[in-house]
Amino acid sequence: MAWRCSGATNTALVDNLWRHGLISDPAVKEAFLSVDRAHYSPSLPYDDSPQAIGHAATISAPHMHASAVEHVLPYLLPSAAVPAPRALDVGSGSGYLTHVLAELVGERGMVVGLEHIAPLRDLGEANMGKSAEGRALLDAGRVRFRVGDGRMGLTEGARPGEEEGGTGWDVIHVGASAKEVHPQLLSQLKAPGW
Ligand code: SAH
């Protein structure tokens, strides 16, 4: 897909992902449009390809992020049953997907990026700090970045006033390669969940 969906601008990239059916939900398109990939990708940010971000890690290709978000969308969007969705992004790397997820969980929701490499945890947070929107998400506690081993999952307290949602996750996205399902991580996924 790389050659087909690349664009000269963030808008062109997202439009191409939409045109080729890699993004099919308008809410997802809106979320991708509102996050400039240039804040997260060190070179060729509007290419539909992975890019090195240091520490032998990459920011995944946009079409991969699009596919991941569309798969979990029903559990990301706030609803009467789940007004404040909680999402865990294991292997947050650049922080790009963490930001896109935050655009979808709504004002009461929360997304936590979990990284096992501390400088990459810091990179995700610093990248998010490049935009006013990203800084607002961090300041409001709607996005947090943590260091830890994703195989163990993460216990993260609720945002003030949202204790009803508990400490489990409505969505767990694993961006790190995993050879097996890790029971401790899985046990933190609410049901129904994804
Ligand atoms: N989703 C991110 C990064 C994808 S690369 C992005 O698109 O920018 C995979 C990331 O998973 C790397 O940053 C790597 O450091 C991290 N990772 C690998 N194993 C991990 C583990 N056990 N726990 C937490 N993070 C891990």
# chains A, B, ... in the order shown; residues from 1 in each chain; ligands from 1
>>> residues_around(residues="Asp47 of chain A", least_positions_apart="3", cutoff="10 Å", atoms="only C-alpha atoms", output="list in words")
Ala2, Trp3, Arg4, Cys5, Ser6, Gly7, Ala8, Thr9, Asn10, Leu13, Arg37, Ser41, Ser43, Leu44, Pro50, Gln51, Ala61 and Pro62 of chain A
>>> residues_around(residues="Asn127 of chain A", least_positions_apart="4", cutoff="6 Å", atoms="only C-alpha atoms", output="JSON list (two decimals) with all heavy atoms, in the first residue's frame")
[["chain", "number", "residue", "atom", "x", "y", "z"],
["A", 39, "HIS", "N", 4.71, 15.37, 13.49],
["A", 39, "HIS", "CA", 5.17, 15.53, 14.88],
["A", 39, "HIS", "C", 5.73, 14.24, 15.45],
["A", 39, "HIS", "O", 6.33, 14.24, 16.52],
["A", 39, "HIS", "CB", 4.01, 16.02, 15.76],
["A", 39, "HIS", "CG", 3.53, 17.39, 15.42],
["A", 39, "HIS", "ND1", 2.23, 17.80, 15.56],
["A", 39, "HIS", "CD2", 4.21, 18.46, 14.91],
["A", 39, "HIS", "CE1", 2.11, 19.06, 15.18],
["A", 39, "HIS", "NE2", 3.30, 19.48, 14.77],
["A", 40, "TYR", "N", 5.52, 13.14, 14.75],
["A", 40, "TYR", "CA", 5.87, 11.83, 15.30],
["A", 40, "TYR", "C", 6.87, 11.05, 14.46],
["A", 40, "TYR", "O", 7.49, 10.13, 14.95],
["A", 40, "TYR", "CB", 4.58, 10.99, 15.47],
["A", 40, "TYR", "CG", 3.65, 11.60, 16.49],
["A", 40, "TYR", "CD1", 2.67, 12.52, 16.13],
["A", 40, "TYR", "CD2", 3.80, 11.30, 17.83],
["A", 40, "TYR", "CE1", 1.84, 13.09, 17.07],
["A", 40, "TYR", "CE2", 2.98, 11.87, 18.79],
["A", 40, "TYR", "CZ", 2.01, 12.77, 18.40],
["A", 40, "TYR", "OH", 1.21, 13.35, 19.35],
["A", 123, "LEU", "N", 10.11, 9.99, 24.29],
["A", 123, "LEU", "CA", 9.93, 10.47, 22.92],
["A", 123, "LEU", "C", 8.44, 10.64, 22.61],
["A", 123, "LEU", "O", 8.03, 11.66, 22.04],
["A", 123, "LEU", "CB", 10.55, 9.48, 21.92],
["A", 123, "LEU", "CG", 10.36, 9.85, 20.45],
["A", 123, "LEU", "CD1", 11.27, 11.02, 20.06],
["A", 123, "LEU", "CD2", 10.65, 8.65, 19.53]]
>>> residues_near_ligand(ligand="ligand 1", cutoff="10 Å", atoms="only C-alpha atoms and all ligand atoms", output="JSON, numbers by chain")
{"A": [40, 41, 50, 51, 52, 53, 54, 55, 56, 57, 58, 59, 60, 61, 62, 64, 65, 89, 90, 91, 92, 93, 94, 95, 96, 97, 98, 113, 114, 115, 116, 117, 118, 119, 120, 121, 123, 124, 146, 147, 148, 149, 150, 151, 152, 153, 173, 174, 175, 176, 177, 178]}
>>> atom_distance(atom1="atom CA of Trp169 of chain A", atom2="atom CA of Leu138 of chain A")
18.8 Å
>>> select_by_dssp(residues="segment 100-173 of chain A", states="alpha helix (DSSP H)", output="PyMOL selection string")
chain A and resi 100-105+118-128+132-139
>>> closest_residue(among="A:Glu162, A:Thr11, A:Arg142, A:Leu189", to="Ala38 of chain A", atoms="only C-alpha atoms")
A:Thr11
>>> decode(residues="segment 84-106 of chain A", atoms="N, CA, C and O atoms", output="mmCIF file, in the first residue's frame")
data_model
loop_
_atom_site.group_PDB
_atom_site.id
_atom_site.type_symbol
_atom_site.label_atom_id
_atom_site.label_comp_id
_atom_site.auth_asym_id
_atom_site.auth_seq_id
_atom_site.Cartn_x
_atom_site.Cartn_y
_atom_site.Cartn_z
ATOM 1 N N ALA A 84 -16.591 6.637 29.372
ATOM 2 C CA ALA A 84 -15.193 7.072 29.510
ATOM 3 C C ALA A 84 -14.261 5.902 29.186
ATOM 4 O O ALA A 84 -13.644 5.314 30.071
ATOM 5 N N PRO A 85 -14.137 5.564 27.896
ATOM 6 C CA PRO A 85 -13.322 4.397 27.520
ATOM 7 C C PRO A 85 -11.847 4.565 27.915
ATOM 8 O O PRO A 85 -11.301 5.669 27.863
ATOM 9 N N ARG A 86 -11.259 3.430 28.285
ATOM 10 C CA ARG A 86 -9.837 3.401 28.684
ATOM 11 C C ARG A 86 -9.087 2.503 27.694
ATOM 12 O O ARG A 86 -9.455 1.347 27.519
ATOM 13 N N ALA A 87 -8.044 3.048 27.081
ATOM 14 C CA ALA A 87 -7.276 2.272 26.101
ATOM 15 C C ALA A 87 -5.808 2.233 26.495
ATOM 16 O O ALA A 87 -5.236 3.244 26.906
ATOM 17 N N LEU A 88 -5.217 1.053 26.363
ATOM 18 C CA LEU A 88 -3.785 0.867 26.636
ATOM 19 C C LEU A 88 -3.086 0.595 25.314
ATOM 20 O O LEU A 88 -3.481 -0.309 24.567
ATOM 21 N N ASP A 89 -2.044 1.391 25.023
ATOM 22 C CA ASP A 89 -1.280 1.240 23.785
ATOM 23 C C ASP A 89 0.093 0.669 24.142
ATOM 24 O O ASP A 89 1.002 1.405 24.535
ATOM 25 N N VAL A 90 0.225 -0.634 24.020
ATOM 26 C CA VAL A 90 1.476 -1.305 24.400
ATOM 27 C C VAL A 90 2.500 -1.136 23.283
ATOM 28 O O VAL A 90 2.226 -1.493 22.130
ATOM 29 N N GLY A 91 3.677 -0.601 23.619
ATOM 30 C CA GLY A 91 4.696 -0.305 22.612
ATOM 31 C C GLY A 91 4.359 1.012 21.933
ATOM 32 O O GLY A 91 4.177 1.091 20.720
ATOM 33 N N SER A 92 4.280 2.072 22.733
ATOM 34 C CA SER A 92 3.780 3.358 22.213
ATOM 35 C C SER A 92 4.768 4.043 21.278
ATOM 36 O O SER A 92 4.362 4.860 20.443
ATOM 37 N N GLY A 93 6.060 3.731 21.384
ATOM 38 C CA GLY A 93 7.068 4.235 20.444
ATOM 39 C C GLY A 93 6.985 5.735 20.219
ATOM 40 O O GLY A 93 7.153 6.537 21.134
ATOM 41 N N SER A 94 6.672 6.124 19.005
ATOM 42 C CA SER A 94 6.616 7.546 18.644
ATOM 43 C C SER A 94 5.497 8.293 19.368
ATOM 44 O O SER A 94 5.529 9.514 19.475
ATOM 45 N N GLY A 95 4.473 7.564 19.808
ATOM 46 C CA GLY A 95 3.310 8.205 20.447
ATOM 47 C C GLY A 95 2.204 8.557 19.469
ATOM 48 O O GLY A 95 1.140 9.023 19.867
ATOM 49 N N TYR A 96 2.441 8.310 18.188
ATOM 50 C CA TYR A 96 1.457 8.714 17.168
ATOM 51 C C TYR A 96 0.111 8.018 17.371
ATOM 52 O O TYR A 96 -0.937 8.659 17.442
ATOM 53 N N LEU A 97 0.147 6.699 17.472
ATOM 54 C CA LEU A 97 -1.120 5.978 17.616
ATOM 55 C C LEU A 97 -1.792 6.332 18.943
ATOM 56 O O LEU A 97 -3.017 6.442 19.019
ATOM 57 N N THR A 98 -0.992 6.514 19.970
ATOM 58 C CA THR A 98 -1.532 6.902 21.282
ATOM 59 C C THR A 98 -2.367 8.173 21.122
ATOM 60 O O THR A 98 -3.462 8.286 21.675
ATOM 61 N N HIS A 99 -1.848 9.116 20.341
ATOM 62 C CA HIS A 99 -2.561 10.381 20.110
ATOM 63 C C HIS A 99 -3.834 10.144 19.303
ATOM 64 O O HIS A 99 -4.902 10.662 19.651
ATOM 65 N N VAL A 100 -3.750 9.351 18.252
ATOM 66 C CA VAL A 100 -4.949 9.085 17.438
ATOM 67 C C VAL A 100 -6.033 8.423 18.309
ATOM 68 O O VAL A 100 -7.212 8.795 18.252
ATOM 69 N N LEU A 101 -5.631 7.479 19.121
ATOM 70 C CA LEU A 101 -6.599 6.801 20.003
ATOM 71 C C LEU A 101 -7.259 7.809 20.941
ATOM 72 O O LEU A 101 -8.470 7.747 21.187
ATOM 73 N N ALA A 102 -6.455 8.748 21.429
ATOM 74 C CA ALA A 102 -6.989 9.751 22.367
ATOM 75 C C ALA A 102 -8.039 10.627 21.709
ATOM 76 O O ALA A 102 -8.968 11.103 22.363
ATOM 77 N N GLU A 103 -7.904 10.840 20.411
ATOM 78 C CA GLU A 103 -8.901 11.646 19.690
ATOM 79 C C GLU A 103 -10.243 10.914 19.631
ATOM 80 O O GLU A 103 -11.280 11.538 19.445
ATOM 81 N N LEU A 104 -10.218 9.596 19.773
ATOM 82 C CA LEU A 104 -11.441 8.805 19.603
ATOM 83 C C LEU A 104 -12.142 8.460 20.915
ATOM 84 O O LEU A 104 -13.352 8.238 20.917
ATOM 85 N N VAL A 105 -11.409 8.399 22.020
ATOM 86 C CA VAL A 105 -12.053 7.969 23.280
ATOM 87 C C VAL A 105 -12.872 9.083 23.929
ATOM 88 O O VAL A 105 -13.595 8.831 24.888
ATOM 89 N N GLY A 106 -12.749 10.285 23.412
ATOM 90 C CA GLY A 106 -13.584 11.372 23.914
ATOM 91 C C GLY A 106 -13.009 12.060 25.138
ATOM 92 O O GLY A 106 -12.002 11.636 25.706
#
